[in-house]
Every structure is written in C-alpha cells, then in structure tokens.
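> Mind looking over this structure? Questions follow.
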Amino acid sequence: MKLIVRSLVVALAVTGAIASSYAKAPATTAKTSAMPVPTCAPNTGGCGLGTW
Amino acid sequence: MSISILRALGYLEVALCVAALVTLVTRKQISDYAALGTFLGVRGLSNVILFWLNFYTAAHPSRTQSLYNVYFGVYWISFAVESVLALLIVYGLFRLAMAPLKGLQTLGMLVFKWAAGISVAVALGSAFTPGMSGLKYLMAAISQLQRTQSILTVCLLLFVTFAIRPMGLSYKSRIFGVSLGLGLMATNDLVQSAWLAFNPNMATAYNYVNGFIICLVLGTWGAYFALPEPKRRIIVLPTTSPFLRWNQISEALGDDPGYVAVGGVPPELFAPAELEVMRRASLKMVTQFPAPAEQPQLVSTSSAG
C-alpha cells in the first residue's frame with residue numbers, strides 16, 4: 001500500500017515536471033473542469049458558446 | 001466530440017461539488033478546511049452560471065457575442081479566485097499536517113508565505129510581454145499563477161506522502177485525501193497547460209480528461225469527508241530524529257533572549273536586601289579565595305607559632 005501510494009505520488013510529480021517543460025511561455029492553462037475553456041478573446045465571435 | 005458526455009460530466013461535477021461541500025459542513029470540518037469549502041462553493045456557483053450562459057445562448061443565438069463576453073469574464077475571474085483559494089488550501093493543509101511539531105510548523109509557514117508571495121510576483125511579472133492587451137495579460141497572469149500554485153501543490157503532496165508517519169497521519173487521514181485530490185488536479189493543470197499550447201480551442205478532447213479528473217478529485221474529497229477519520233497516532237520519535245532536532249531548533253528561533261547587565265548598573269537600582277546579600281556573598285568569596293600574596297605570610301605566622 002505504502003509503495004503504491006508513494007509510486008503514484010512520484011508519478012504525478014514527474015508527469016507535472018515533464019508537462020511544465022513542454023508548455024510555451026507565456027502558456028495558457030485552464031481549470032480542471034468539464035466546462036469548455038474560453039480561449040477566444042472577447043468581441044471576436046461566440047467561440048462555440050451555446051453548442052454544447 | 002460527444003456533447004452529451006461532456007454535458008453529463010459537467011452536471012456530475014456540479015453535483016459532486018455540492019455533495020462534497022455538504023459533507024464538509026455536516027461533518028463540522030468547515031473551520032479546518034474553510035478555504036476548501038470556499039473553493040467548492042466558488043466552483044459550484046461558477047459552473048452553474050457557465051451552464052446557464054451556454055443554455056441561454058443556445059436559446060438566444062443573436063446575443064451570442066455579449067453572452068460569450070460574460071462567459072469569458074466569469075470563467076477567468078472564477079479561475080483566478082480558485083487559484084488563490086488553492087494556495088490557501090495548501091497553506092491550511094500544511095498548517096494542519098504540522099500541528100504536532102509547532103516549531104517546524106511556524107518555520108514552514110513563514111517559508112510558505114514567502115514562497116507564495118514570490119510565486120504571485122513572478123506570475124504577474126513573467127506574464128507581461130510588450131504590446132500585450134489587458135485581457136491577454138489577465139489570461140497569462142492567471143495561467144502563470146495556476147502553474148506556480150500547481151508546482152507548490154505537488155511539492156506539498158510529496159512532502160505529506162513521504163513525511164506522513166512522523167506526523168502521526170495515515171493514508172486514511174483527510175489531510176492526505178485532500179492533498180491527493182489537489183495533487184491530481186495540479187498535475188492535470190500542468191499537463192493541460194502543455195496540451196492547450198498546441199490545441200487552443202474552446203472544446204477539445206482534453207475536456208473529457210478534465211471532466212473525468214475533476215469528478216475523481218471531488219469524489220475523493222467527498223469520500224474522505226464522509227468516511228470516519230482514524231485518530232492521529234501518538235507521535236513517537238527517536239531522540240536522534242532530525243524532525244525532533246529541527247523542531248527544537250525552530251521553536252527556539254525568534255524567541256526573545258534573556259539579558260545580563262554587565263556594567264554601568266547604579267547601586268540605587270537594587271533593593272537594600274539585595275545589596276546586603278551581594279555584600280555578604282562578596283565577603284565569603286574573599287575568605288574562600290585568599291590572594292596569593294597573603295599565603296606566604298600565613299605560613300610564616302603558623303611556623304612562628
């Protein structure tokens with residue numbers, strides 16, 4: 001149990017570290033949520049709102 | 001992209017958010033996890049508003065532009081609030097986890113405040129690029145804040161996992177459960193950040209991953225708060241434990257030291273009784289330790305007698 005939990009946590013940390021090295025600067029991120037991310041700037045169209 | 005699955009995940013997210021918040025309140029844990037409770041409240045409320053905006057836009061397509069602007073504002077403002085709240089959750093978790101080791105708790109919280117402050121400053125500074133509009137800056141700053149907060153969260157999770165035994169906790173403790181959920185969310189945020197750099201669309205396949213992860217996180221929190229928590233074990237540390245040693249050192253740090261008067265003290269400061277005690281003590285010291293010059297004289301007196 002201890003080994004499994006520790007391995008999981010280390011895997012999470014390593015994944016996070018690798019992922020952060022891939023992000024462009026300044027990177028855009030989004031909420032961990034099922035809600036679609038409004039990536040379009042305002043006043044440039046609806047960006048697909050109302051279709052999901 | 002299957003809209004119905006995405007919508008179902010969205011509904012489930014709101015339901016789990018409310019369930020976790022209700023469990024937190026009914027278990028009377030809200031005082032210890034106030035930041036988490038606020039986070040769940042903000043998340044639930046913002047999701048309801050975002051859902052409503054989507055449905056309202058579907059019913060009134062002519063108002064899509066203005067409603068999208070509202071959607072944009074609600075999403076990013078709630079995101080910024082949640083990022084700050086996540087920092088406060090991490091702070092609160094560290095405080096709770098380190099409660100038995102007061103010295104290390106104080107020192108750690110001081111370090112955390114500085115790290116969080118510097119993270120916010122770096123996030124605001126590094127998001128700035130010349131010629132950037134206000135909204136783009138807002139998005140970049142919030143994203144940077146989220147990334148630094150995610151890194152801090154993963155660090156906390158590593159710390160809690162590997163130092164769980166000296167803190168008297170177990171993997172069934174709520175502190176670990178909340179840290180695990182936050183760690184999952186933080187790792188997903190970092191992965192998502194890399195994904196969005198290559199797929200900057202409003203609805204992408206990653207929304208499924210996001211929906212699944214947040215439901216898993218909220219379910220984990222709800223389960224940890226619903227189930228009874230094992231009592232904290234008695235913490236027994238060997239006398240050679242570095243935790244104990246550092247705790248003792250940290251407890252002594254910042255204490256007001258004692259002071260010794262070494263000179264320039266006028267006799268009027270002392271009470272007459274104190275002066276008498278000192279006079280008698282001085283007399284005793286003189287008789288106990290005679291001056292070396294007097295000793296031959298004493299010897300010669302005794303030999304003459």
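Here, A, B, ... name the chains of the structure tokens in the order displayed, residue numbers run from 1 inside each chain, and ligands are numbered from 1 in the same displayed order.
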Compile the residues of chain A that lie within 7 Å of chain B, evaluated using only C-alpha atoms, and express the compilation as a count of residues only.
34
> Can you pull out every residue from chain A that DSSP, working from the backbone, puts in alpha helix (DSSP H), and format the result as JSON, numbers by chain?
{"A": [2, 3, 4, 5, 6, 7, 8, 9, 10, 11, 12, 13, 14, 15, 16, 17, 18, 19, 20, 21, 22]}
> Could you give me, as an mmCIF file with C-alpha atoms, in the first residue's frame, the residues within 9 Å of stretch 250-253 of chain B, counting only C-alpha atoms and dropping anything in the same chain fewer than 6 positions from it?

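Result written to out.cif:
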```cif
data_model
loop_
_atom_site.group_PDB
_atom_site.id
_atom_site.type_symbol
_atom_site.label_atom_id
_atom_site.label_comp_id
_atom_site.auth_asym_id
_atom_site.auth_seq_id
_atom_site.Cartn_x
_atom_site.Cartn_y
_atom_site.Cartn_z
ATOM 1 C CA LYS B 102 4.916 23.569 16.420
ATOM 2 C CA GLY B 103 8.438 24.767 15.730
ATOM 3 C CA LEU B 104 8.586 23.311 12.231
ATOM 4 C CA GLN B 105 5.029 24.473 11.599
ATOM 5 C CA THR B 106 5.932 28.092 12.366
ATOM 6 C CA LEU B 107 9.104 27.923 10.294
#
```
